[in-house]
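One structure below.
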Amino acid sequence: MINEENQKRRSFLKNFGIIGALLIAVGLFFRDLWLYLYPPKRKKKFHKYLVAKLNSVPLGKAKEITLGNDPVFVVHLDQGYRVFSGICTHLGCHVRWEEEKQRFFCPCHKGVYDKTGKVISGPPPRPLDQFKVEEDKNLVYIYVETKTRGPWS
Amino acid sequence: MDTVKGQQWLIGIFSTLLIVILIIVAGMEMKKSESTKPEIEIDKTTAQCITCHEDKGIAVKQIDAWKESKHAVMGIGCYECHEAKKGDFDAFTCTGSNILVARHPTPKDCGKCHEQQVKEFANSKHAHQFWLLKNGDRAAFEFPMATRHGCEECHQIGNIWPDGSVGECDACHAKHSFSLSVARQPETCGECHVGPDHPQIEEYIESKHGNIFKAKGKNWDMGYSTTNHEQIPIEAPVCVTCHMDGNKTQPMTHNVSARLATESQAPWSFRTVWDQEHLGDWKKKRERMEEICASCHAPDFYKMYFLNADMVNLQYDEIRRAFVHWTTKLTKNGTIKRLKYKGKYWSNPVLNGWDELPEHEMYYGWHHEGRRFRMGAEMMAADYTQWHGIWEIQEDLTELIKWAAEHGDAEAKKIVNTNDPRKFITYALYDVPGTEWGIPTKTNTTPFVYQAFPDYWDRIYKNVETVYKRGLISEDQWNLWLKRYKNRDYYLGLKYANSPQVDSTWNFYKKRNDIDFKAMKEQVIDLVLPGKNFYNNK
Amino acid sequence: MSVKAWLKERFPIDYDKFIEINENIFIKEPIPIHMKKWWYCMGATPLILFTLQVLTGIFLAFYFVPSPEMAYESVRHITQDVRFGFWVRGLHRWGANLMILSLFLHITRVYFTRSYQKPREINWILGVILFGLALTFSFTGYSLTYNQLSYWAVTVGTNLIKSVPIIGHSLLVFMRGGEEVTANTLTRFYMLHVWFLPLFLVFFLVLHIIVLRLHGVSEPEGFPKGKYFPFYPHHFYKIIIATLFLLAVMSALSIILPPGIGLPADPTTTPFHIKPEWYFYPTYRFLRMVPLKVGIYVTAAFLIAFTFWPFIEPLLSKKNSVRRNISYGVGALTLIITLALTIWESLT
């Protein structure tokens, strides 16, 4: 009797092990195939991009440059240099800098941002996007996302 | 295994095997790294330049080169370097636009970002004006049109610009890609450090370092940065690895003089004092170089290597002393004359002069052969130390003395007429017992001086002690020399020269030599042709 | 209402009958006793591999772009960028190679057990057609990577077609989609590889299996006749084991010998060493040994003889033992020549 039960338990364990291994193998196989369909998320990389010389933008003024086709504003404030993307956070129009009013103005739906990028009035849902700024010697750099060439990115 | 049970086991086994392999596959997947080329963003000004230049087809390849550069990725476009203000020496309005452009960005412009490199460069001998300070005389020998694309082209590396800055960065950093790999290529240095008077590139290729680079270097990625105190990533050094690149302990430098201890290009070899206040004395500079050597070699090896190389430099000075003795003497007694025009001299008995043989030989003995002799010893180029070096120097000196004898110099006549082999050593000697390569056994049984002078090593000792006391070699080097001196029988291998095992090997080759000689004699020396000599019918 | 009842209402099938048929056809399929031996039961290997090829092929098609500009780049992308891409491509590449290898072995086994004899002649011919399809599959698939070797293999391979009498030229234009190897050629090969060939192959495969089942597996000489065991579980397990084994081997191979991507196709430069895949070595070597016309006619004659061997063999002699000896002799000779040509080609 005891022997028989032992044998039963043993054969159960054996079948359990074999079926388990089989399931894991098949599972792994299809997991890998599934992951194949999802291209890996690239880690965002940033690199330094020269935007201005320290003394080229006087205090309280802004310099407009282009990054690709998009406008970027280098603003010299009391706190130092700030660099804003010139793309309105509302619907993506290009904003302009109004120096006498010390503000950014979006002509599409009259969005207004102050010189620190904060929304003063109009429809924009959030402040202007800012770049991380680094002053190195007498040059101002921003950190720009490294995009790659090619059909897959 | 044909039973159902057996097959169940097999299913289990192969499932496990598949699991293991799939885990390895997943592991490989994790290790995969991606490398992609960053996209460049071209700003409006640069885009304007590019469009116009491409339309007109002017220097378009330079645009392609720029697009490959790190500058392009970092937003450093045309105008960041080519910016000009009205009145700048090189300002011009670019045709078809109203942009004021600088034709020649100078080190001052590069220094806006690369401040340290420009500063270091300006403090290096690359920036030194030595060739102009001492150029007056040779300008009598070579006229400007000849040197325009000659001397001046290489020495442009130390150009003084109208804005006061010095140097030409793109001499090494080929514009407009400013590729590190190109700058690091030995041939970049070899553009100028080549030829009969300073064949560094040839010496490098002759060295083991250069050979390894030639064999394997094409697969090395030479675009690395050495500013982060990391291990040198390549297997064998190129020129800049030792003279400029950083390693774990040494910072990268654009001052090529920071690691050089001897002025072995100068007419006399001497311990460098170049920019001592910043760079430290020659010992400090040597230490820096040794730190680089230490990346790959043991101190045992490179300290000995440098001791031998330093002694070659000191020995050179003694040979030069003989040259100078003759040219000064012959000038003084009027046998040869200095070049002179309207009261100004255009040659110098201790430096140059090209119209009379003694001056010529002395110049060669320094500017060509003398440098090859010294630099070959410093850069592991045996053939340059030997055949392109000392052999030719000795010939120069012999020719000079012969010329002096023919022109009535009694001292010279005595030397020429004697059959005493000592006549080739009209100067004092240095020596280091043995080499860094190992213990020779028979090599040092042959030299004439070892056989002829019982007091040879006493004399050498006094010479080396003197230069040590003068500070021309360091205490370290003196001790290293002393250690070898005291055990010179061992280091020279004389201790083993007549041991049975060495003798038995030696005799083997001696026999071979006899066989060779016999064959040579039988085949050709004893050969008499019946056709006779056409001149006298014998 | 139970699920079963719900389904039965939507699909009014006699489920008991269905289960019965299933049991008769699959579960209880009588398998002759000799197939308990590993050597005799691997006919399903090509089928397993084909199924895996379909699976990995579908996955590769997610990323592959059949255009001259993008084909090579997308293969590179799959191999170097996509997660597990090197593995999926490795499985597909090695699957193709192993499929051809397993077909060689399967054909050799069928030939030497003389299973093609009456009344199974048609199934042999179906098998030959399947083998031809598999080779075409490999050739078209290999060409899609659009690297130097595959581009020039297409050029040379399609040029060979030109020497077919009468229809050669129009066949060439049909294959290339023009006089030259162009983007048309690539899309045509792609079409063949993912549509035509799979359809044809499945069709002939089903026929092959139906004919096999109608006759039952042939019983070779030297084994007790008339003894059977049911398909499940014994043979079913064998197929699972084979599948696991093949997956493990192919995965391992895709790590140890990963398929390379070569150099991108350059229509202006022919590479120095241009060779087809190993399974074309015998033909390739032979065609290079003799004048092209001769080579093509001899190859064609061989193919005809090979295809119709089950009908040719009975004409040779009335005595079974003589026929067997002739068959063995011809088979051995073919095998030796094939192997010799393959080895010769791979060494040069």
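Residues are referred to by chain and number: the chain letter is A, B, ... according to the order shown in the structure tokens, the number counts from 1 in that chain, and ligands are numbered separately from 1 in the order shown.
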Write out, as a tab-separated table, each residue of chain C that has an atom at most 8 Å from chain B, together with the closest pair of atoms and their distance in Å to one decimal, counting only C-alpha atoms, rows going by chain and rising number.
```
residue	atom	partner	partner_atom	distance
C:Lys36	CA	B:Asp2	CA	6.3
C:Lys37	CA	B:Asp2	CA	7.3
C:Gln80	CA	B:Glu34	CA	7.7
C:Asp81	CA	B:Glu34	CA	6.8
C:Arg83	CA	B:Glu29	CA	6.6
C:Phe84	CA	B:Glu29	CA	6.0
C:Trp87	CA	B:Val25	CA	7.1
C:Pro233	CA	B:Val4	CA	7.2
C:His234	CA	B:Val4	CA	5.7
C:Tyr237	CA	B:Gln7	CA	6.4
C:Lys238	CA	B:Gln7	CA	7.0
C:Ile240	CA	B:Ile11	CA	7.1
C:Ile241	CA	B:Ile11	CA	5.3
C:Leu244	CA	B:Phe14	CA	5.8
C:Phe245	CA	B:Phe14	CA	5.9
C:Leu247	CA	B:Leu18	CA	7.0
C:Ala248	CA	B:Leu18	CA	4.7
C:Ser251	CA	B:Ile21	CA	6.7
C:Ala252	CA	B:Ile21	CA	6.2
C:Ile255	CA	B:Val25	CA	6.9
```
>> Considering only strand (DSSP E or B) as DSSP defines it on the backbone, what residues of segment 229-428 of chain B qualify? List them as an NGL selection string.
In response: :B and (262 or 271 or 340-341 or 344-345 or 348 or 352)
Just write the chosen residues, all heavy atoms, as a PDB file, in the first residue's frame.
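Saved the output as selection23.pdb:
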```pdb
ATOM      1  N   THR B 262      65.108  66.026 -23.281  1.00  0.00           N
ATOM      2  CA  THR B 262      66.355  66.409 -23.952  1.00  0.00           C
ATOM      3  C   THR B 262      66.061  67.169 -25.226  1.00  0.00           C
ATOM      4  O   THR B 262      65.130  66.827 -25.952  1.00  0.00           O
ATOM      5  CB  THR B 262      67.168  65.145 -24.319  1.00  0.00           C
ATOM      6  OG1 THR B 262      67.244  64.322 -23.165  1.00  0.00           O
ATOM      7  CG2 THR B 262      68.569  65.503 -24.768  1.00  0.00           C
ATOM      8  N   ARG B 271      69.831  69.156 -21.640  1.00  0.00           N
ATOM      9  CA  ARG B 271      68.612  68.928 -20.878  1.00  0.00           C
ATOM     10  C   ARG B 271      67.716  70.145 -21.009  1.00  0.00           C
ATOM     11  O   ARG B 271      68.154  71.283 -20.784  1.00  0.00           O
ATOM     12  CB  ARG B 271      68.962  68.668 -19.405  1.00  0.00           C
ATOM     13  CG  ARG B 271      69.627  67.329 -19.167  1.00  0.00           C
ATOM     14  CD  ARG B 271      68.797  66.186 -19.702  1.00  0.00           C
ATOM     15  NE  ARG B 271      69.291  64.907 -19.192  1.00  0.00           N
ATOM     16  CZ  ARG B 271      68.765  63.739 -19.514  1.00  0.00           C
ATOM     17  NH1 ARG B 271      67.754  63.666 -20.374  1.00  0.00           N
ATOM     18  NH2 ARG B 271      69.237  62.631 -18.987  1.00  0.00           N
ATOM     19  N   LYS B 340      80.090  86.631 -45.927  1.00  0.00           N
ATOM     20  CA  LYS B 340      79.992  87.987 -45.439  1.00  0.00           C
ATOM     21  C   LYS B 340      79.429  88.867 -46.537  1.00  0.00           C
ATOM     22  O   LYS B 340      79.776  88.719 -47.711  1.00  0.00           O
ATOM     23  CB  LYS B 340      81.400  88.471 -45.047  1.00  0.00           C
ATOM     24  CG  LYS B 340      81.410  89.644 -44.108  1.00  0.00           C
ATOM     25  CD  LYS B 340      82.861  89.904 -43.703  1.00  0.00           C
ATOM     26  CE  LYS B 340      82.987  91.216 -42.962  1.00  0.00           C
ATOM     27  NZ  LYS B 340      84.397  91.544 -42.719  1.00  0.00           N
ATOM     28  N   TYR B 341      78.468  89.742 -46.188  1.00  0.00           N
ATOM     29  CA  TYR B 341      77.928  90.683 -47.172  1.00  0.00           C
ATOM     30  C   TYR B 341      77.672  92.002 -46.483  1.00  0.00           C
ATOM     31  O   TYR B 341      76.928  92.061 -45.491  1.00  0.00           O
ATOM     32  CB  TYR B 341      76.632  90.125 -47.773  1.00  0.00           C
ATOM     33  CG  TYR B 341      76.063  91.016 -48.861  1.00  0.00           C
ATOM     34  CD1 TYR B 341      76.718  91.125 -50.108  1.00  0.00           C
ATOM     35  CD2 TYR B 341      74.903  91.733 -48.649  1.00  0.00           C
ATOM     36  CE1 TYR B 341      76.208  91.931 -51.103  1.00  0.00           C
ATOM     37  CE2 TYR B 341      74.387  92.549 -49.642  1.00  0.00           C
ATOM     38  CZ  TYR B 341      75.038  92.650 -50.874  1.00  0.00           C
ATOM     39  OH  TYR B 341      74.538  93.456 -51.856  1.00  0.00           O
ATOM     40  N   LYS B 344      77.987  92.094 -42.768  1.00  0.00           N
ATOM     41  CA  LYS B 344      77.204  91.178 -41.935  1.00  0.00           C
ATOM     42  C   LYS B 344      77.557  89.741 -42.317  1.00  0.00           C
ATOM     43  O   LYS B 344      77.685  89.413 -43.505  1.00  0.00           O
ATOM     44  CB  LYS B 344      75.709  91.430 -42.174  1.00  0.00           C
ATOM     45  CG  LYS B 344      74.803  90.665 -41.246  1.00  0.00           C
ATOM     46  CD  LYS B 344      73.335  91.017 -41.502  1.00  0.00           C
ATOM     47  CE  LYS B 344      72.357  90.357 -40.605  1.00  0.00           C
ATOM     48  NZ  LYS B 344      72.181  88.964 -40.663  1.00  0.00           N
ATOM     49  N   TYR B 345      77.764  88.913 -41.285  1.00  0.00           N
ATOM     50  CA  TYR B 345      78.096  87.508 -41.545  1.00  0.00           C
ATOM     51  C   TYR B 345      76.842  86.704 -41.886  1.00  0.00           C
ATOM     52  O   TYR B 345      75.780  86.889 -41.300  1.00  0.00           O
ATOM     53  CB  TYR B 345      78.757  86.890 -40.312  1.00  0.00           C
ATOM     54  CG  TYR B 345      80.208  87.313 -40.139  1.00  0.00           C
ATOM     55  CD1 TYR B 345      80.628  88.037 -39.038  1.00  0.00           C
ATOM     56  CD2 TYR B 345      81.159  86.949 -41.117  1.00  0.00           C
ATOM     57  CE1 TYR B 345      81.951  88.424 -38.882  1.00  0.00           C
ATOM     58  CE2 TYR B 345      82.496  87.327 -40.967  1.00  0.00           C
ATOM     59  CZ  TYR B 345      82.886  88.065 -39.856  1.00  0.00           C
ATOM     60  OH  TYR B 345      84.184  88.429 -39.722  1.00  0.00           O
ATOM     61  N   ASN B 348      78.235  80.584 -39.939  1.00  0.00           N
ATOM     62  CA  ASN B 348      78.713  80.522 -38.571  1.00  0.00           C
ATOM     63  C   ASN B 348      79.524  79.243 -38.397  1.00  0.00           C
ATOM     64  O   ASN B 348      79.027  78.152 -38.659  1.00  0.00           O
ATOM     65  CB  ASN B 348      77.484  80.504 -37.642  1.00  0.00           C
ATOM     66  CG  ASN B 348      77.884  80.587 -36.181  1.00  0.00           C
ATOM     67  OD1 ASN B 348      78.992  80.211 -35.795  1.00  0.00           O
ATOM     68  ND2 ASN B 348      76.977  81.085 -35.369  1.00  0.00           N
ATOM     69  N   ASN B 352      76.676  76.545 -39.228  1.00  0.00           N
ATOM     70  CA  ASN B 352      76.359  76.253 -40.626  1.00  0.00           C
ATOM     71  C   ASN B 352      77.332  76.927 -41.573  1.00  0.00           C
ATOM     72  O   ASN B 352      78.331  77.493 -41.153  1.00  0.00           O
ATOM     73  CB  ASN B 352      74.941  76.687 -40.934  1.00  0.00           C
ATOM     74  CG  ASN B 352      74.711  78.146 -40.533  1.00  0.00           C
ATOM     75  OD1 ASN B 352      75.615  78.961 -40.631  1.00  0.00           O
ATOM     76  ND2 ASN B 352      73.519  78.449 -40.081  1.00  0.00           N
TER      77      ASN B 352
END
```
Contacts of segment 62-68 of chain C at 7 Å (only C-alpha atoms; same-chain gap of 6+ positions) as a short mmCIF file (atom, residue, chain, number, x, y, z; two decimals) with N, CA, C and O atoms, in the first residue's frame:
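Saved result, selection_1.cif, follows:
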```cif
data_model
loop_
_atom_site.label_atom_id
_atom_site.label_comp_id
_atom_site.auth_asym_id
_atom_site.auth_seq_id
_atom_site.Cartn_x
_atom_site.Cartn_y
_atom_site.Cartn_z
N SER C 74 16.65 46.79 -43.74
CA SER C 74 15.69 46.21 -42.81
C SER C 74 16.20 44.88 -42.25
O SER C 74 15.95 44.55 -41.09
N VAL C 75 16.94 44.14 -43.06
CA VAL C 75 17.54 42.90 -42.54
C VAL C 75 18.58 43.25 -41.47
O VAL C 75 18.65 42.62 -40.41
N ILE C 78 16.65 44.21 -38.36
CA ILE C 78 16.17 43.02 -37.65
C ILE C 78 17.32 42.38 -36.88
O ILE C 78 17.20 42.04 -35.71
N ALA C 183 14.16 46.34 -59.04
CA ALA C 183 13.22 46.29 -57.92
C ALA C 183 12.11 45.30 -58.21
O ALA C 183 11.61 44.61 -57.31
N LEU C 186 13.03 41.88 -57.05
CA LEU C 186 12.95 41.72 -55.60
C LEU C 186 11.50 41.51 -55.16
O LEU C 186 11.20 40.58 -54.38
N THR C 187 10.59 42.32 -55.67
CA THR C 187 9.19 42.16 -55.24
C THR C 187 8.61 40.84 -55.74
O THR C 187 7.81 40.21 -55.08
N TYR C 190 9.87 38.22 -53.51
CA TYR C 190 9.17 38.35 -52.24
C TYR C 190 7.78 37.74 -52.34
O TYR C 190 7.35 36.97 -51.48
#
```
> What residues in chain A have any atom no more than 9 Å from chain C when counting only C-alpha atoms, and can you write them as a VMD selection string?
Replying inline: chain A and resid 22 25 to 26 32 to 33 35 to 40 151 to 152
Residues from last step as file, N, CA, C and O atoms, as a PDB file, in the first residue's frame:
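Done, and the output landed in again-v7.pdb:
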```
ATOM      1  N   LEU A  22       8.044  21.782 -19.906  1.00  0.00           N
ATOM      2  CA  LEU A  22       7.514  21.969 -21.252  1.00  0.00           C
ATOM      3  C   LEU A  22       6.806  23.320 -21.354  1.00  0.00           C
ATOM      4  O   LEU A  22       7.012  24.088 -22.301  1.00  0.00           O
ATOM      5  N   ALA A  25       9.286  26.186 -21.293  1.00  0.00           N
ATOM      6  CA  ALA A  25       9.996  26.288 -22.569  1.00  0.00           C
ATOM      7  C   ALA A  25       9.123  26.958 -23.613  1.00  0.00           C
ATOM      8  O   ALA A  25       9.533  27.918 -24.271  1.00  0.00           O
ATOM      9  N   VAL A  26       7.886  26.461 -23.739  1.00  0.00           N
ATOM     10  CA  VAL A  26       6.977  27.032 -24.732  1.00  0.00           C
ATOM     11  C   VAL A  26       6.685  28.493 -24.387  1.00  0.00           C
ATOM     12  O   VAL A  26       6.657  29.368 -25.264  1.00  0.00           O
ATOM     13  N   ASP A  32       9.664  35.509 -26.040  1.00  0.00           N
ATOM     14  CA  ASP A  32      10.689  36.139 -26.866  1.00  0.00           C
ATOM     15  C   ASP A  32      10.102  36.620 -28.191  1.00  0.00           C
ATOM     16  O   ASP A  32      10.401  37.710 -28.663  1.00  0.00           O
ATOM     17  N   LEU A  33       9.241  35.781 -28.792  1.00  0.00           N
ATOM     18  CA  LEU A  33       8.616  36.181 -30.059  1.00  0.00           C
ATOM     19  C   LEU A  33       7.764  37.432 -29.848  1.00  0.00           C
ATOM     20  O   LEU A  33       7.711  38.318 -30.696  1.00  0.00           O
ATOM     21  N   LEU A  35       8.140  39.788 -27.504  1.00  0.00           N
ATOM     22  CA  LEU A  35       9.016  40.956 -27.311  1.00  0.00           C
ATOM     23  C   LEU A  35       9.591  41.452 -28.635  1.00  0.00           C
ATOM     24  O   LEU A  35       9.824  42.626 -28.828  1.00  0.00           O
ATOM     25  N   TYR A  36       9.790  40.493 -29.543  1.00  0.00           N
ATOM     26  CA  TYR A  36      10.331  40.828 -30.874  1.00  0.00           C
ATOM     27  C   TYR A  36       9.460  41.879 -31.549  1.00  0.00           C
ATOM     28  O   TYR A  36       9.942  42.730 -32.280  1.00  0.00           O
ATOM     29  N   LEU A  37       8.163  41.810 -31.285  1.00  0.00           N
ATOM     30  CA  LEU A  37       7.245  42.725 -31.970  1.00  0.00           C
ATOM     31  C   LEU A  37       7.290  44.139 -31.401  1.00  0.00           C
ATOM     32  O   LEU A  37       6.798  45.066 -32.013  1.00  0.00           O
ATOM     33  N   TYR A  38       7.848  44.271 -30.191  1.00  0.00           N
ATOM     34  CA  TYR A  38       7.911  45.603 -29.597  1.00  0.00           C
ATOM     35  C   TYR A  38       9.334  46.148 -29.660  1.00  0.00           C
ATOM     36  O   TYR A  38      10.182  45.728 -28.886  1.00  0.00           O
ATOM     37  N   PRO A  39       9.599  47.067 -30.576  1.00  0.00           N
ATOM     38  CA  PRO A  39      10.960  47.597 -30.657  1.00  0.00           C
ATOM     39  C   PRO A  39      11.349  48.206 -29.317  1.00  0.00           C
ATOM     40  O   PRO A  39      10.496  48.775 -28.633  1.00  0.00           O
ATOM     41  N   PRO A  40      12.619  48.064 -28.935  1.00  0.00           N
ATOM     42  CA  PRO A  40      13.034  48.536 -27.611  1.00  0.00           C
ATOM     43  C   PRO A  40      12.898  50.043 -27.512  1.00  0.00           C
ATOM     44  O   PRO A  40      13.097  50.765 -28.488  1.00  0.00           O
ATOM     45  N   PRO A 151      15.568  55.189 -41.013  1.00  0.00           N
ATOM     46  CA  PRO A 151      14.134  54.966 -41.178  1.00  0.00           C
ATOM     47  C   PRO A 151      13.464  54.419 -39.916  1.00  0.00           C
ATOM     48  O   PRO A 151      12.245  54.375 -39.847  1.00  0.00           O
ATOM     49  N   TRP A 152      14.279  53.995 -38.951  1.00  0.00           N
ATOM     50  CA  TRP A 152      13.653  53.304 -37.817  1.00  0.00           C
ATOM     51  C   TRP A 152      13.492  54.206 -36.615  1.00  0.00           C
ATOM     52  O   TRP A 152      13.153  53.771 -35.534  1.00  0.00           O
TER      53      TRP A 152
END
```
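Any residue of chain A with an atom within 6 Å of chain B counts; using only C-alpha atoms, that gives A:Ile18, A:Ala21, A:Leu22, A:Ala25, A:Lys48, A:Tyr49, A:Leu50, A:Thr66, A:Leu67, A:Gly68, A:Thr146, A:Lys147, A:Thr148, A:Arg149.
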